[in-house]
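See below for data-v3.pdb, which holds PDB, C-alpha atoms.
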ATOM      1  CA  MET A 625     -75.471 -42.168   9.502
ATOM      2  CA  LYS A 626     -71.875 -42.531  10.662
ATOM      3  CA  LYS A 627     -71.430 -45.777   8.664
ATOM      4  CA  LYS A 628     -72.799 -44.136   5.527
ATOM      5  CA  SER A 629     -70.271 -41.276   5.647
ATOM      6  CA  GLN A 630     -67.409 -43.713   6.345
ATOM      7  CA  SER A 631     -68.309 -45.827   3.302
ATOM      8  CA  GLU A 632     -68.348 -42.703   1.128
ATOM      9  CA  VAL A 633     -64.825 -41.775   2.306
ATOM     10  CA  ILE A 634     -63.576 -45.324   1.746
ATOM     11  CA  SER A 635     -65.084 -45.478  -1.740
ATOM     12  CA  THR A 636     -63.529 -42.096  -2.625
ATOM     13  CA  VAL A 637     -60.097 -43.233  -1.404
ATOM     14  CA  LEU A 638     -60.444 -46.486  -3.369
ATOM     15  CA  LEU A 639     -61.383 -44.570  -6.523
ATOM     16  CA  ILE A 640     -58.350 -42.307  -6.118
ATOM     17  CA  LEU A 641     -56.044 -45.320  -5.603
ATOM     18  CA  LEU A 642     -57.587 -47.085  -8.589
ATOM     19  CA  THR A 643     -56.997 -43.983 -10.742
ATOM     20  CA  ILE A 644     -53.359 -43.747  -9.617
ATOM     21  CA  VAL A 645     -52.714 -47.434 -10.361
ATOM     22  CA  ALA A 646     -54.429 -47.201 -13.779
ATOM     23  CA  THR A 647     -52.403 -44.091 -14.643
ATOM     24  CA  GLY A 648     -49.172 -45.864 -13.666
ATOM     25  CA  ILE A 649     -50.023 -48.870 -15.829
ATOM     26  CA  ILE A 650     -50.919 -46.673 -18.811
ATOM     27  CA  ILE A 651     -47.732 -44.613 -18.457
ATOM     28  CA  GLY A 652     -45.705 -47.817 -18.139
ATOM     29  CA  PHE A 653     -46.902 -48.942 -21.574
ATOM     30  CA  VAL A 654     -47.456 -45.667 -23.431
ATOM     31  CA  VAL A 655     -44.163 -43.880 -22.642
ATOM     32  CA  PRO A 656     -41.883 -46.689 -23.931
ATOM     33  CA  PHE A 657     -44.093 -47.105 -27.013
ATOM     34  CA  VAL A 658     -44.021 -43.395 -27.864
ATOM     35  CA  THR A 659     -40.274 -43.203 -27.207
ATOM     36  CA  LYS A 660     -39.668 -46.131 -29.551
ATOM     37  CA  GLN A 661     -41.802 -44.499 -32.258
ATOM     38  CA  LEU A 662     -39.948 -41.204 -31.896
ATOM     39  CA  ASP A 663     -36.599 -42.995 -32.249
ATOM     40  CA  LYS A 664     -37.808 -44.387 -35.580
ATOM     41  CA  THR A 665     -38.493 -40.875 -36.858
ATOM     42  CA  GLU A 666     -34.964 -39.633 -36.136
ATOM     43  CA  CYS A 667     -34.309 -39.887 -39.866
ATOM     44  CA  HIS A 668     -36.402 -36.772 -40.489
ATOM     45  CA  ASN A 669     -33.480 -34.761 -39.042
ATOM     46  CA  TYR A 670     -31.371 -35.926 -41.997
ATOM     47  CA  LEU A 671     -33.740 -34.894 -44.811
ATOM     48  CA  ASN A 672     -31.912 -32.975 -47.568
ATOM     49  CA  LYS A 673     -28.607 -33.159 -45.668
ATOM     50  CA  VAL A 674     -26.853 -35.746 -47.869
ATOM     51  CA  GLN A 675     -26.865 -34.826 -51.542
ATOM     52  CA  ILE A 676     -25.417 -36.080 -54.799
ATOM     53  CA  ARG A 677     -23.687 -33.204 -56.563
ATOM     54  CA  GLU A 678     -24.681 -33.050 -60.207
ATOM     55  CA  ASP A 679     -21.453 -31.695 -61.667
ATOM     56  CA  GLU A 680     -18.542 -33.003 -63.746
ATOM     57  CA  TYR A 681     -17.476 -35.287 -60.866
ATOM     58  CA  THR A 682     -20.706 -37.307 -60.917
ATOM     59  CA  CYS A 683     -20.365 -39.192 -64.167
ATOM     60  CA  TYR A 684     -20.127 -42.550 -65.913
ATOM     61  CA  ASN A 685     -16.842 -43.578 -67.549
ATOM     62  CA  ASN A 686     -17.462 -46.153 -70.267
ATOM     63  CA  LEU A 687     -13.902 -45.770 -71.581
ATOM     64  CA  ALA A 688     -12.456 -47.517 -68.519
ATOM     65  CA  THR A 689     -11.318 -51.107 -68.567
ATOM     66  CA  ASP A 690     -13.937 -53.757 -67.851
ATOM     67  CA  PRO A 691     -15.943 -53.112 -65.710
ATOM     68  CA  ASP A 692     -16.829 -49.487 -66.337
ATOM     69  CA  GLU A 693     -16.432 -46.807 -63.666
ATOM     70  CA  LEU A 694     -18.980 -44.571 -62.018
ATOM     71  CA  TYR A 695     -17.952 -41.464 -60.099
ATOM     72  CA  VAL A 696     -20.327 -40.016 -57.522
ATOM     73  CA  LYS A 697     -19.711 -36.752 -55.698
ATOM     74  CA  ILE A 698     -21.598 -36.610 -52.386
ATOM     75  CA  GLY A 699     -21.889 -33.591 -50.106
ATOM     76  CA  VAL A 700     -23.301 -32.957 -46.640
ATOM     77  CA  THR A 701     -24.883 -29.583 -45.804
ATOM     78  CA  ASP A 702     -26.827 -27.932 -42.983
ATOM     79  CA  LEU A 703     -26.195 -30.770 -40.535
ATOM     80  CA  ASN A 704     -26.702 -29.854 -36.874
ATOM     81  CA  LYS A 705     -23.636 -30.358 -34.675
ATOM     82  CA  GLU A 706     -25.265 -33.143 -32.662
ATOM     83  CA  LEU A 707     -26.166 -35.170 -35.776
ATOM     84  CA  ILE A 708     -23.556 -37.598 -37.054
ATOM     85  CA  ILE A 709     -23.483 -39.588 -40.262
ATOM     86  CA  LYS A 710     -21.617 -42.835 -39.627
ATOM     87  CA  GLY A 711     -21.814 -44.220 -43.154
ATOM     88  CA  LEU A 712     -23.456 -44.004 -46.544
ATOM     89  CA  VAL A 713     -25.533 -46.222 -48.787
ATOM     90  CA  VAL A 714     -25.237 -45.758 -52.537
ATOM     91  CA  VAL A 715     -27.757 -47.547 -54.768
ATOM     92  CA  VAL A 716     -26.963 -47.776 -58.476
ATOM     93  CA  ASN A 717     -29.873 -48.674 -60.751
ATOM     94  CA  ILE A 718     -29.039 -50.105 -64.161
ATOM     95  CA  GLY A 719     -32.171 -50.926 -66.080
ATOM     96  CA  GLY A 720     -34.213 -53.257 -63.901
ATOM     97  CA  ASP A 721     -31.337 -54.236 -61.608
ATOM     98  CA  SER A 722     -29.922 -52.296 -58.699
ATOM     99  CA  LYS A 723     -26.761 -52.616 -56.657
ATOM    100  CA  LYS A 724     -26.661 -51.449 -53.025
ATOM    101  CA  ILE A 725     -23.236 -50.496 -51.710
ATOM    102  CA  SER A 726     -22.927 -49.595 -48.014
ATOM    103  CA  PHE A 727     -19.882 -48.395 -46.128
ATOM    104  CA  MET A 728     -19.036 -46.928 -42.753
ATOM    105  CA  ASN A 729     -16.648 -44.031 -42.139
ATOM    106  CA  SER A 730     -12.933 -44.935 -42.113
ATOM    107  CA  THR A 731     -13.411 -48.424 -43.552
ATOM    108  CA  ALA A 732     -11.060 -49.946 -46.090
ATOM    109  CA  PRO A 733     -12.046 -49.641 -49.749
ATOM    110  CA  THR A 734     -13.680 -52.631 -51.381
ATOM    111  CA  GLY A 735     -13.588 -53.808 -54.949
ATOM    112  CA  GLU A 736     -16.898 -51.993 -55.421
ATOM    113  CA  ILE A 737     -16.257 -48.558 -53.926
ATOM    114  CA  MET A 738     -13.180 -46.482 -53.190
ATOM    115  CA  MET A 739     -12.128 -42.852 -52.928
ATOM    116  CA  LYS A 740     -11.627 -41.256 -56.353
ATOM    117  CA  SER A 741      -8.431 -39.540 -55.287
ATOM    118  CA  ASP A 742      -6.748 -42.683 -53.925
ATOM    119  CA  ASN A 743      -7.919 -46.253 -54.556
ATOM    120  CA  THR A 744      -6.188 -47.490 -51.392
ATOM    121  CA  ALA A 745      -7.284 -44.736 -48.966
ATOM    122  CA  LYS A 746      -9.903 -45.465 -46.329
ATOM    123  CA  LEU A 747     -13.442 -44.477 -47.255
ATOM    124  CA  VAL A 748     -14.336 -41.143 -45.695
ATOM    125  CA  VAL A 749     -17.880 -39.889 -45.159
ATOM    126  CA  PRO A 750     -18.131 -36.135 -45.739
ATOM    127  CA  ARG A 751     -18.701 -33.992 -42.668
ATOM    128  CA  ASN A 752     -20.893 -30.914 -42.622
ATOM    129  CA  GLY A 753     -19.919 -28.604 -45.478
ATOM    130  CA  GLU A 754     -17.665 -31.196 -47.127
ATOM    131  CA  GLU A 755     -17.867 -33.129 -50.380
ATOM    132  CA  ARG A 756     -16.211 -36.400 -51.363
ATOM    133  CA  THR A 757     -16.032 -38.179 -54.704
ATOM    134  CA  TYR A 758     -16.223 -41.974 -54.805
ATOM    135  CA  LYS A 759     -15.274 -44.355 -57.578
ATOM    136  CA  ILE A 760     -17.720 -47.239 -57.987
ATOM    137  CA  THR A 761     -16.840 -50.270 -60.048
ATOM    138  CA  TYR A 762     -18.316 -53.763 -59.946
ATOM    139  CA  TYR A 763     -18.797 -56.644 -62.345
ATOM    140  CA  GLU A 764     -22.379 -55.778 -63.413
ATOM    141  CA  LEU A 765     -21.502 -52.131 -64.133
ATOM    142  CA  ILE A 766     -21.450 -52.469 -67.922
ATOM    143  CA  GLU A 767     -23.805 -49.703 -68.964
ATOM    144  CA  LYS A 768     -24.723 -46.170 -67.956
ATOM    145  CA  PRO A 769     -26.842 -46.151 -64.769
ATOM    146  CA  LYS A 770     -30.481 -45.143 -64.967
ATOM    147  CA  ASP A 771     -30.233 -43.422 -61.594
ATOM    148  CA  ILE A 772     -28.178 -43.180 -58.407
ATOM    149  CA  THR A 773     -29.568 -42.854 -54.879
ATOM    150  CA  VAL A 774     -27.685 -42.040 -51.678
ATOM    151  CA  TYR A 775     -28.809 -41.991 -48.044
ATOM    152  CA  PRO A 776     -27.109 -41.850 -44.639
ATOM    153  CA  ILE A 777     -26.385 -44.511 -42.074
ATOM    154  CA  ILE A 778     -26.813 -42.892 -38.652
ATOM    155  CA  ASN A 779     -26.057 -45.906 -36.442
ATOM    156  CA  GLU A 780     -24.277 -49.176 -37.099
ATOM    157  CA  ASP A 781     -27.625 -50.767 -37.937
ATOM    158  CA  GLU A 782     -29.897 -47.871 -38.945
ATOM    159  CA  GLU A 783     -30.093 -46.715 -42.537
ATOM    160  CA  CYS A 784     -32.219 -43.627 -43.204
ATOM    161  CA  SER A 785     -33.632 -44.570 -46.583
ATOM    162  CA  GLN A 786     -36.335 -41.882 -46.135
ATOM    163  CA  ALA A 787     -33.612 -39.181 -46.182
ATOM    164  CA  TYR A 788     -32.395 -39.942 -49.669
ATOM    165  CA  ASP A 789     -31.182 -37.930 -52.624
ATOM    166  CA  LYS A 790     -31.486 -39.229 -56.157
ATOM    167  CA  VAL A 791     -30.000 -38.331 -59.521
ATOM    168  CA  ASN A 792     -32.093 -39.520 -62.457
ATOM    169  CA  PHE A 793     -29.618 -38.769 -65.224
ATOM    170  CA  VAL A 794     -25.903 -39.494 -65.162
ATOM    171  CA  GLU A 795     -23.628 -37.727 -67.643
ATOM    172  CA  LEU A 796     -20.735 -39.401 -69.419
ATOM    173  CA  CYS A 797     -17.362 -38.380 -68.005
ATOM    174  CA  SER A 798     -15.341 -35.928 -70.086
ATOM    175  CA  PRO A 799     -12.284 -37.556 -71.644
TER     176      PRO A 799
END

Translate the structure of the given file into structure tokens.
Amino acid sequence: MKKKSQSEVISTVLLILLTIVATGIIIGFVVPFVTKQLDKTECHNYLNKVQIREDEYTCYNNLATDPDELYVKIGVTDLNKELIIKGLVVVVNIGGDSKKISFMNSTAPTGEIMMKSDNTAKLVVPRNGEERTYKITYYELIEKPKDITVYPIINEDEECSQAYDKVNFVELCSP
């Protein structure tokens, strides 16, 4: 009788230890996996925050010297203080071809993109409540774009293409 009750205690203790070890193993795999998946969804915080302004500053200038010029006014709104946009990606679609132009904040202008106000000024990403107009010019820009898409870069290597804004019709610039 005494041996029977001892074996029941030992088996209960072993079951408890087995449960603790199994829980530790599961947590060791599940927590990092869930954390990694949540990091991938950080882009949802940037939805509708970066927008192309459809006004007279977003237009196509076919009267410019070769190549033509495209002006895009981009604004940032309703961005929480802890969220930072480190750069922007602008995709210009002309017919069946598209051109992706990426830049980080405070980088030197390239031959493809520059500030509208000053061709030599560093590229500046708008902060919350700000708007900036960019001048885009590149060799293949020889006709009015079909559409323009913009989305944020939130880390040096993470583009939030899910948090995009798109303009499907680009006006000609007023002379």

Test item: the PyMOL selection byres ((chain A and resi 795) around 6) resolved as a ChimeraX atom specification
/A:683,794,796

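If you measure from each of A:Asp721, A:Glu767, A:Asp781, A:Asp702 to A:Asn669 using all atoms listed in the file, the closest one turns out to be A:Asp702.
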
Considering only C-alpha atoms, return as JSON, numbers by chain whatever protein or nucleic-acid residues lie within 9 Å of stretch 709-719 of chain A, sequence-local ones (same chain, fewer than 2 positions apart) excluded.
{"A": [670, 707, 721, 722, 723, 724, 725, 726, 727, 728, 729, 730, 748, 749, 750, 751, 764, 765, 766, 767, 768, 769, 770, 771, 772, 773, 774, 775, 776, 777, 778, 779, 780, 783, 785]}

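Distance-wise, atom CA of A:Thr731 and atom CA of A:Tyr758 end up 13.3 Å apart.
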
Applying the PyMOL selection byres ((chain A and resi 693) around 10) to the file I just gave you, which residues come out? Please list them as a PyMOL selection string.
chain A and resi 683-692+694-696+736-737+759-762+765-768+797

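Taking atom CA of A:Val658 and atom CA of A:Lys705 as endpoints, the distance between them is 25.1 Å.
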
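Coordinates place atom CA of A:Lys740 at a distance of 20.2 Å from atom CA of A:Asp789.
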
Neighbourhood query: residues within 10 Å of (-18.5, -32.0, -47.1), file coordinates, counting all atoms listed in the file; return as a ChimeraX atom specification.
/A:674-675,697-701,749-756

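Of the listed residues (A:Thr744, A:Gln630, A:Thr757, A:Thr647), A:Thr757 comes nearest to A:Glu678; the distances count all atoms listed in the file.
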
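You can rank A:Ile634, A:Leu639, A:Arg677, A:Ala646 by their closest distance to A:Lys790 using all atoms listed in the file, and at the top of that list sits A:Arg677.
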